[in-house]
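Source file: structure_25.cif; contents: mmCIF, C-alpha atoms and all ligand atoms.
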```
data_query
loop_
_atom_site.group_PDB
_atom_site.id
_atom_site.type_symbol
_atom_site.label_atom_id
_atom_site.label_comp_id
_atom_site.auth_asym_id
_atom_site.auth_seq_id
_atom_site.Cartn_x
_atom_site.Cartn_y
_atom_site.Cartn_z
ATOM 1 C CA MET A 26 -21.374 -9.657 24.461
ATOM 2 C CA ARG A 27 -19.430 -6.623 25.722
ATOM 3 C CA ARG A 28 -18.499 -3.922 23.218
ATOM 4 C CA LEU A 29 -15.181 -2.072 23.289
ATOM 5 C CA GLY A 30 -14.782 1.026 21.116
ATOM 6 C CA LEU A 31 -11.218 1.412 19.829
ATOM 7 C CA THR A 32 -10.123 4.729 18.395
ATOM 8 C CA GLY A 33 -7.151 6.976 17.715
ATOM 9 C CA GLY A 34 -5.806 9.379 15.125
ATOM 10 C CA ILE A 35 -4.190 8.533 11.816
ATOM 11 C CA GLY A 36 -1.070 6.433 12.388
ATOM 12 C CA SER A 37 -1.614 6.146 16.149
ATOM 13 C CA GLY A 38 -1.552 2.340 16.026
ATOM 14 C CA LYS A 39 -5.296 1.497 16.210
ATOM 15 C CA SER A 40 -5.174 -1.295 13.638
ATOM 16 C CA THR A 41 -2.136 -2.807 15.360
ATOM 17 C CA VAL A 42 -3.897 -2.714 18.736
ATOM 18 C CA GLY A 43 -7.058 -4.126 17.102
ATOM 19 C CA LYS A 44 -5.034 -7.009 15.702
ATOM 20 C CA PHE A 45 -3.612 -7.802 19.166
ATOM 21 C CA LEU A 46 -7.123 -7.815 20.658
ATOM 22 C CA ALA A 47 -8.367 -10.093 17.871
ATOM 23 C CA GLU A 48 -5.455 -12.463 18.478
ATOM 24 C CA ALA A 49 -6.463 -12.513 22.150
ATOM 25 C CA GLY A 50 -9.956 -13.707 21.145
ATOM 26 C CA GLY A 51 -11.944 -10.510 20.479
ATOM 27 C CA ALA A 52 -14.240 -10.222 17.460
ATOM 28 C CA LEU A 53 -12.838 -7.244 15.522
ATOM 29 C CA VAL A 54 -14.818 -4.929 13.255
ATOM 30 C CA ASP A 55 -12.725 -2.336 11.385
ATOM 31 C CA ALA A 56 -14.650 0.713 10.112
ATOM 32 C CA ASP A 57 -11.768 1.892 7.882
ATOM 33 C CA ALA A 58 -11.695 -1.540 6.204
ATOM 34 C CA LEU A 59 -15.462 -1.376 5.575
ATOM 35 C CA SER A 60 -15.005 2.119 4.135
ATOM 36 C CA ARG A 61 -12.197 0.943 1.847
ATOM 37 C CA ALA A 62 -14.274 -2.052 0.672
ATOM 38 C CA SER A 63 -17.182 0.250 -0.178
ATOM 39 C CA THR A 64 -14.948 2.354 -2.440
ATOM 40 C CA ALA A 65 -13.011 -0.519 -4.048
ATOM 41 C CA SER A 66 -13.880 -1.730 -7.552
ATOM 42 C CA GLN A 67 -17.576 -2.848 -7.560
ATOM 43 C CA GLY A 68 -17.944 -1.329 -4.074
ATOM 44 C CA GLU A 69 -21.338 -0.150 -2.890
ATOM 45 C CA ALA A 70 -20.308 3.525 -2.744
ATOM 46 C CA THR A 71 -18.659 3.853 -6.154
ATOM 47 C CA SER A 72 -21.673 4.751 -8.295
ATOM 48 C CA ALA A 73 -22.718 7.519 -5.874
ATOM 49 C CA VAL A 74 -19.110 8.809 -5.834
ATOM 50 C CA ALA A 75 -19.132 9.064 -9.649
ATOM 51 C CA GLN A 76 -22.533 10.741 -9.599
ATOM 52 C CA ILE A 77 -21.733 13.319 -6.915
ATOM 53 C CA PHE A 78 -18.023 13.995 -7.586
ATOM 54 C CA GLY A 79 -17.722 13.033 -11.254
ATOM 55 C CA PRO A 80 -16.427 9.912 -13.052
ATOM 56 C CA GLU A 81 -12.867 11.279 -12.917
ATOM 57 C CA PHE A 82 -12.846 10.303 -9.216
ATOM 58 C CA LEU A 83 -12.925 6.608 -10.222
ATOM 59 C CA ASP A 84 -9.939 4.831 -11.768
ATOM 60 C CA ALA A 85 -9.902 2.530 -14.810
ATOM 61 C CA HIS A 86 -11.167 -0.372 -12.651
ATOM 62 C CA GLY A 87 -14.062 1.618 -11.216
ATOM 63 C CA ALA A 88 -12.418 1.988 -7.806
ATOM 64 C CA LEU A 89 -12.157 5.312 -5.975
ATOM 65 C CA ASP A 90 -9.038 7.290 -6.911
ATOM 66 C CA ARG A 91 -7.976 7.575 -3.277
ATOM 67 C CA ALA A 92 -5.124 10.083 -3.681
ATOM 68 C CA ARG A 93 -7.334 12.416 -5.723
ATOM 69 C CA MET A 94 -10.197 12.192 -3.241
ATOM 70 C CA ARG A 95 -7.823 12.597 -0.301
ATOM 71 C CA SER A 96 -6.405 15.844 -1.625
ATOM 72 C CA LEU A 97 -9.928 17.169 -2.210
ATOM 73 C CA VAL A 98 -11.630 16.180 1.046
ATOM 74 C CA PHE A 99 -8.873 17.055 3.480
ATOM 75 C CA SER A 100 -8.787 20.615 2.159
ATOM 76 C CA ASP A 101 -12.532 21.090 1.611
ATOM 77 C CA LEU A 102 -14.917 20.511 4.507
ATOM 78 C CA SER A 103 -18.076 20.459 2.387
ATOM 79 C CA ALA A 104 -16.599 17.890 -0.014
ATOM 80 C CA ARG A 105 -15.649 15.770 3.007
ATOM 81 C CA ALA A 106 -19.233 15.994 4.296
ATOM 82 C CA ARG A 107 -20.535 14.873 0.859
ATOM 83 C CA LEU A 108 -18.176 11.889 0.812
ATOM 84 C CA GLU A 109 -19.050 10.946 4.385
ATOM 85 C CA ALA A 110 -22.769 11.147 3.542
ATOM 86 C CA ILE A 111 -22.174 8.441 0.921
ATOM 87 C CA VAL A 112 -19.773 6.188 2.824
ATOM 88 C CA HIS A 113 -20.856 6.389 6.473
ATOM 89 C CA PRO A 114 -24.340 4.813 6.096
ATOM 90 C CA ILE A 115 -22.715 1.864 4.283
ATOM 91 C CA VAL A 116 -20.070 1.532 7.020
ATOM 92 C CA LEU A 117 -22.740 1.715 9.765
ATOM 93 C CA ARG A 118 -24.732 -1.074 8.091
ATOM 94 C CA GLY A 119 -21.565 -3.178 7.798
ATOM 95 C CA ILE A 120 -20.768 -2.659 11.485
ATOM 96 C CA ALA A 121 -24.300 -3.671 12.520
ATOM 97 C CA GLU A 122 -24.181 -6.812 10.341
ATOM 98 C CA ARG A 123 -20.810 -7.879 11.700
ATOM 99 C CA ALA A 124 -21.789 -7.153 15.296
ATOM 100 C CA ALA A 125 -24.899 -9.314 14.862
ATOM 101 C CA ALA A 126 -22.804 -12.131 13.346
ATOM 102 C CA ALA A 127 -20.312 -11.950 16.237
ATOM 103 C CA ARG A 128 -23.171 -12.128 18.729
ATOM 104 C CA ARG A 129 -24.654 -15.165 16.955
ATOM 105 C CA ALA A 130 -21.202 -16.795 16.982
ATOM 106 C CA GLY A 131 -21.104 -16.349 20.775
ATOM 107 C CA ALA A 132 -18.284 -13.749 20.922
ATOM 108 C CA ARG A 133 -17.709 -12.439 24.440
ATOM 109 C CA LEU A 134 -15.909 -9.264 23.369
ATOM 110 C CA LEU A 135 -16.637 -7.179 20.274
ATOM 111 C CA VAL A 136 -13.913 -4.674 19.371
ATOM 112 C CA LEU A 137 -15.176 -1.805 17.212
ATOM 113 C CA ASP A 138 -12.255 0.000 15.545
ATOM 114 C CA ILE A 139 -13.916 3.333 14.728
ATOM 115 C CA PRO A 140 -11.495 6.112 13.680
ATOM 116 C CA LEU A 141 -14.189 8.806 14.026
ATOM 117 C CA LEU A 142 -15.712 7.511 17.278
ATOM 118 C CA VAL A 143 -15.120 10.796 19.110
ATOM 119 C CA GLU A 144 -16.057 12.998 16.138
ATOM 120 C CA SER A 145 -19.352 11.252 15.447
ATOM 121 C CA GLY A 146 -20.754 11.325 18.979
ATOM 122 C CA ARG A 147 -23.190 8.463 18.301
ATOM 123 C CA TRP A 148 -20.958 5.746 19.754
ATOM 124 C CA ALA A 149 -20.972 6.692 23.442
ATOM 125 C CA ARG A 150 -24.254 4.831 23.966
ATOM 126 C CA GLU A 151 -23.300 1.936 21.696
ATOM 127 C CA VAL A 152 -20.146 0.777 23.467
ATOM 128 C CA ASP A 153 -19.430 -0.330 27.029
ATOM 129 C CA ALA A 154 -15.970 1.264 27.142
ATOM 130 C CA VAL A 155 -13.616 3.265 24.933
ATOM 131 C CA LEU A 156 -9.933 2.456 24.441
ATOM 132 C CA VAL A 157 -7.934 5.304 22.895
ATOM 133 C CA VAL A 158 -4.583 4.764 21.206
ATOM 134 C CA ASP A 159 -2.603 7.953 21.677
ATOM 135 C CA CYS A 160 0.844 9.114 20.577
ATOM 136 C CA LEU A 161 2.701 12.335 19.774
ATOM 137 C CA GLU A 162 1.621 14.085 16.567
ATOM 138 C CA GLU A 163 5.172 13.912 15.294
ATOM 139 C CA THR A 164 5.079 10.113 15.683
ATOM 140 C CA GLN A 165 1.808 9.942 13.719
ATOM 141 C CA ILE A 166 3.399 11.957 10.909
ATOM 142 C CA GLU A 167 6.558 9.848 10.827
ATOM 143 C CA ARG A 168 4.651 6.532 10.819
ATOM 144 C CA VAL A 169 2.314 7.538 8.015
ATOM 145 C CA MET A 170 5.120 9.030 5.881
ATOM 146 C CA GLN A 171 7.025 5.787 6.313
ATOM 147 C CA ARG A 172 4.159 3.538 5.266
ATOM 148 C CA SER A 173 2.762 5.651 2.375
ATOM 149 C CA ALA A 174 3.664 8.277 -0.180
ATOM 150 C CA MET A 175 1.922 11.006 1.815
ATOM 151 C CA THR A 176 3.849 14.187 2.581
ATOM 152 C CA ARG A 177 4.120 15.789 6.021
ATOM 153 C CA GLU A 178 1.586 18.455 4.930
ATOM 154 C CA GLN A 179 -0.883 15.822 3.735
ATOM 155 C CA VAL A 180 -0.694 13.884 6.996
ATOM 156 C CA GLN A 181 -1.088 17.147 8.907
ATOM 157 C CA SER A 182 -4.257 17.972 6.922
ATOM 158 C CA VAL A 183 -5.786 14.643 8.007
ATOM 159 C CA ILE A 184 -4.775 15.261 11.632
ATOM 160 C CA ASN A 185 -6.391 18.713 11.420
ATOM 161 C CA ALA A 186 -9.649 17.102 10.231
ATOM 162 C CA GLN A 187 -9.717 14.725 13.203
ATOM 163 C CA ALA A 188 -10.466 15.165 16.900
ATOM 164 C CA SER A 189 -7.562 16.431 18.991
ATOM 165 C CA ARG A 190 -5.614 14.183 21.351
ATOM 166 C CA ARG A 191 -7.223 15.997 24.270
ATOM 167 C CA GLN A 192 -10.777 15.462 22.897
ATOM 168 C CA ARG A 193 -10.077 11.755 22.466
ATOM 169 C CA ARG A 194 -8.557 11.333 25.892
ATOM 170 C CA ALA A 195 -11.593 13.085 27.419
ATOM 171 C CA VAL A 196 -13.894 10.232 26.348
ATOM 172 C CA ALA A 197 -11.439 7.401 27.043
ATOM 173 C CA ASP A 198 -11.939 4.745 29.688
ATOM 174 C CA ALA A 199 -8.348 3.686 29.034
ATOM 175 C CA VAL A 200 -5.489 5.171 26.998
ATOM 176 C CA VAL A 201 -2.594 3.245 25.436
ATOM 177 C CA PHE A 202 0.265 5.686 24.963
ATOM 178 C CA ASN A 203 1.937 4.194 21.888
ATOM 179 C CA ASP A 204 5.244 6.051 21.781
ATOM 180 C CA GLY A 205 8.616 4.521 22.441
ATOM 181 C CA LEU A 206 7.077 1.031 22.769
ATOM 182 C CA SER A 207 8.130 -2.078 20.892
ATOM 183 C CA LEU A 208 5.275 -4.005 19.282
ATOM 184 C CA SER A 209 5.445 -6.656 22.000
ATOM 185 C CA GLU A 210 5.377 -3.970 24.704
ATOM 186 C CA LEU A 211 2.367 -2.430 22.949
ATOM 187 C CA GLU A 212 0.646 -5.815 22.928
ATOM 188 C CA ALA A 213 1.320 -6.444 26.631
ATOM 189 C CA LYS A 214 0.180 -2.946 27.611
ATOM 190 C CA THR A 215 -3.004 -3.261 25.546
ATOM 191 C CA LEU A 216 -3.980 -6.598 27.076
ATOM 192 C CA THR A 217 -3.302 -5.372 30.621
ATOM 193 C CA LEU A 218 -5.371 -2.214 30.057
ATOM 194 C CA VAL A 219 -8.291 -4.126 28.566
ATOM 195 C CA GLN A 220 -8.247 -6.663 31.406
ATOM 196 C CA GLY A 221 -8.340 -3.685 33.778
ATOM 197 C CA LEU A 222 -11.569 -2.487 32.156
ATOM 198 C CA ALA A 223 -13.218 -5.679 33.506
ATOM 199 C CA LEU A 224 -15.575 -5.920 30.535
HETATM 200 C C1 LIG A 301 -10.469 10.183 1.800
HETATM 201 C C2 LIG A 301 -10.106 8.749 1.483
HETATM 202 C C3 LIG A 301 -10.515 8.392 0.065
HETATM 203 C C4 LIG A 301 -8.555 8.595 1.601
HETATM 204 O O1 LIG A 301 -8.210 7.254 1.413
HETATM 205 P P1 LIG A 301 -6.769 6.704 1.881
HETATM 206 O O2 LIG A 301 -6.636 5.322 1.340
HETATM 207 O O3 LIG A 301 -5.747 7.706 1.540
HETATM 208 O O4 LIG A 301 -6.828 6.672 3.457
HETATM 209 P P2 LIG A 301 -7.548 5.705 4.524
HETATM 210 O O5 LIG A 301 -8.971 5.462 4.152
HETATM 211 O O6 LIG A 301 -6.679 4.524 4.779
HETATM 212 O O7 LIG A 301 -7.571 6.668 5.799
HETATM 213 C C5 LIG A 301 -6.359 7.284 6.262
HETATM 214 C C6 LIG A 301 -6.617 7.951 7.594
HETATM 215 O O8 LIG A 301 -7.541 9.025 7.440
HETATM 216 C C7 LIG A 301 -8.613 8.854 8.329
HETATM 217 N N1 LIG A 301 -9.864 9.344 7.717
HETATM 218 C C8 LIG A 301 -10.515 8.816 6.659
HETATM 219 N N2 LIG A 301 -11.626 9.507 6.410
HETATM 220 C C9 LIG A 301 -11.678 10.503 7.330
HETATM 221 C C10 LIG A 301 -12.594 11.540 7.605
HETATM 222 N N3 LIG A 301 -13.704 11.674 6.866
HETATM 223 N N4 LIG A 301 -12.322 12.385 8.622
HETATM 224 C C11 LIG A 301 -11.217 12.241 9.382
HETATM 225 N N5 LIG A 301 -10.293 11.270 9.187
HETATM 226 C C12 LIG A 301 -10.543 10.410 8.174
HETATM 227 C C13 LIG A 301 -8.666 7.344 8.551
HETATM 228 O O9 LIG A 301 -9.282 7.008 9.749
HETATM 229 C C14 LIG A 301 -7.201 7.005 8.626
HETATM 230 O O10 LIG A 301 -6.654 7.328 9.857
HETATM 231 C C15 LIG A 301 -10.778 7.756 2.489
HETATM 232 O O11 LIG A 301 -10.238 7.917 3.772
HETATM 233 C C16 LIG A 301 -12.307 7.911 2.570
HETATM 234 O O12 LIG A 301 -13.029 7.409 1.718
HETATM 235 N N6 LIG A 301 -12.795 8.613 3.634
HETATM 236 C C17 LIG A 301 -14.213 8.827 3.823
HETATM 237 C C18 LIG A 301 -14.853 7.774 4.673
HETATM 238 C C19 LIG A 301 -14.520 7.933 6.136
HETATM 239 O O13 LIG A 301 -14.973 8.887 6.792
HETATM 240 N N7 LIG A 301 -13.743 6.982 6.681
HETATM 241 C C20 LIG A 301 -13.294 6.980 8.046
HETATM 242 C C21 LIG A 301 -14.265 6.433 8.997
HETATM 243 S S1 LIG A 301 -15.146 4.995 8.483
HETATM 244 N N1 LIG A 302 4.760 0.510 18.815
HETATM 245 C C1 LIG A 302 5.051 0.421 17.517
HETATM 246 N N2 LIG A 302 6.269 0.034 17.098
HETATM 247 C C2 LIG A 302 6.577 -0.046 15.786
HETATM 248 N N3 LIG A 302 5.719 0.256 14.780
HETATM 249 C C3 LIG A 302 4.481 0.641 15.126
HETATM 250 C C4 LIG A 302 4.078 0.754 16.504
HETATM 251 N N4 LIG A 302 2.780 1.154 16.527
HETATM 252 C C5 LIG A 302 2.399 1.290 15.250
HETATM 253 N N5 LIG A 302 3.419 0.985 14.399
HETATM 254 C C6 LIG A 302 3.410 1.043 12.920
HETATM 255 O O1 LIG A 302 2.884 2.309 12.548
HETATM 256 C C7 LIG A 302 2.041 2.203 11.411
HETATM 257 C C8 LIG A 302 0.663 2.741 11.758
HETATM 258 O O2 LIG A 302 0.037 1.834 12.660
HETATM 259 P P1 LIG A 302 -1.474 1.372 12.433
HETATM 260 O O3 LIG A 302 -1.720 1.012 11.014
HETATM 261 O O4 LIG A 302 -1.787 0.360 13.486
HETATM 262 O O5 LIG A 302 -2.184 2.757 12.783
HETATM 263 P P2 LIG A 302 -3.671 3.219 12.595
HETATM 264 O O6 LIG A 302 -3.975 4.065 13.780
HETATM 265 O O7 LIG A 302 -4.557 2.051 12.350
HETATM 266 O O8 LIG A 302 -3.527 4.121 11.302
HETATM 267 P P3 LIG A 302 -4.640 4.599 10.230
HETATM 268 O O9 LIG A 302 -5.742 5.233 10.986
HETATM 269 O O10 LIG A 302 -3.923 5.562 9.421
HETATM 270 O O11 LIG A 302 -5.052 3.375 9.473
HETATM 271 C C9 LIG A 302 2.033 0.739 11.005
HETATM 272 O O12 LIG A 302 2.979 0.563 9.991
HETATM 273 C C10 LIG A 302 2.442 0.016 12.296
HETATM 274 O O13 LIG A 302 3.108 -1.198 12.046
#
```

Written as structure tokens, how would this file's structure read?
Amino acid sequence: MRRLGLTGGIGSGKSTVGKFLAEAGGALVDADALSRASTASQGEATSAVAQIFGPEFLDAHGALDRARMRSLVFSDLSARARLEAIVHPIVLRGIAERAAAARRAGARLLVLDIPLLVESGRWAREVDAVLVVDCLEETQIERVMQRSAMTREQVQSVINAQASRRQRRAVADAVVFNDGLSLSELEAKTLTLVQGLAL
């Protein structure tokens, strides 16, 4: 089984590209989805979140209050490190379990959608190639403002916490430039680029 790391900044189009690769037959593992599951009601991370940050960071259903946590961690590096110390080990376990299941199921290509692939540094030796989804910062901001209630400043604070476009491109084996493309053009470009990687 070959392993393709998929990464990109907030709103770059990673999940969309991941969906196209899954439709083309890849086994997709989404780190953001594992993170969200761990902080949903009854999620594995919720009791540690209440213990470390206080019960006011959980809502009435026991799920993480995401807007409250977002405004804390994207303006406070040490709070972000505390949250990551809770969530990341759970996400890493989830990735390993799903990768093993995909291998058992005979998948030929495993697509690992890892938003912090470049930041974490541990993935270089775990994947056979890296596909980066890139776009202009202004496009990231517009997309995220359109799909959520986040303000321009809030999106910018997430971008500031992430690797730069240049850092991501430096580790890429292939880059999809997702600006000015229709979804079907994005799909075609993605599939051509991944075929070109000859995984
Ligand atoms: C801060 C939280 C509560 C905000 O939740 P919210 O629903 O608003 O956003 P969501 O999870 O969909 O993420 C939005 C964007 O921010 C990015 N992001 C999330 N966490 C981080 C982080 N620690 N550093 C940089 N970017 C991050 C995501 O990749 C995505 O592009 C949430 O992102 C979280 O629990 N983050 C910590 C876990 C983490 O590091 N996840 C990312 C990799 S698994
Ligand atoms: N080429 C495109 N044309 C039209 N809409 C697009 C295009 N690429 C992405 N989008 C839209 O932009 C939004 C962000 O895309 P997506 O969710 O794939 O990004 P992401 O990188 O996974 O973001 P995040 O890290 O924040 O979860 C979505 O609403 C998606 O439908």

Any chance you could resolve the PyMOL selection byres (((chain A and resi 131-140) around 7) and not hetatm) against this file and give the residues as number ranges by chain?
A: 26-34, 43, 51-56, 127-130, 141-142

Please work out which residues fall within 9 Å of (1.8, 14.9, 7.4), coordinates as given in the file, with only C-alpha atoms counting, and return them as a count of residues only.
16

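The residue that comes closest to Gly205 in chain A, out of A:Thr41, A:Thr164, A:Ser189, A:Ser100 and on the basis of all atoms listed in the file, is A:Thr164.
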
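In this structure, CA of Leu83 in chain A sits 16.9 Å away from atom N2 of ligand LIG 301 (chain A).
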
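If all atoms listed in the file are the atoms counted, then among A:Trp148, A:Asp84, A:Asn203, A:Asp198 the closest residue to Gly221 in chain A is A:Asp198.
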
The PyMOL selection byres (((chain A and resi 66) around 10) and not hetatm) resolved against shown file, as a ChimeraX atom specification:
/A:61-65,67-71,83-89

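Using the PyMOL selection byres (((not hetatm)) within 6 of (chain A and resi 302)) on this structure selects Gly33, Gly34, Ile35, Gly36, Ser37, Gly38, Lys39, Ser40, Thr41, Arg168, Arg172, Asn203, Leu206, Ser207, Leu208 and Leu211 of chain A.
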
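The residue that comes closest to Ala49 in chain A, out of A:Leu224, A:Ile115, A:Ile120, A:Val219 and on the basis of all atoms listed in the file, is A:Val219.
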
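Atom pair CA of Ala104 in chain A / CA of Ala73 in chain A: separated by 13.4 Å.
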
Nearest candidate to Leu218 in chain A (options A:Ala174, A:Val155, A:Cys160, A:Met94; using all atoms listed in the file):
A:Val155

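Using only C-alpha atoms and all ligand atoms, the smallest distance between any of A:Ser96, A:Gln192, A:Gln171, A:Thr217 and ligand LIG 301 (chain A) comes from A:Ser96.
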
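For the pair CA of Glu109 in chain A and atom N1 of ligand LIG 301 (chain A), the interatomic distance is 9.9 Å.
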
Let me make sure I understand: among A:Thr215, A:Ala92, A:Glu144, A:Leu108, which one has the smallest atom-to-atom distance to Ser173 in chain A if we use all atoms listed in the file?
A:Ala92

Skip Arg105 in chain A itself and residues of its chain fewer than 4 positions away, then list as number ranges by chain all residues within 12 Å of it, counting only C-alpha atoms.
A: 74, 77-78, 94-101, 109-113, 183, 186-187

Centre, x/y/z edge lengths, axis-aligned box for ligand LIG 301 (chain A) with 3 Å per side, as AutoDock Vina command-line options:
```
--center_x -10.4 --center_y 8.5 --center_z 5.0 --size_x 15.4 --size_y 13.9 --size_z 15.8
```
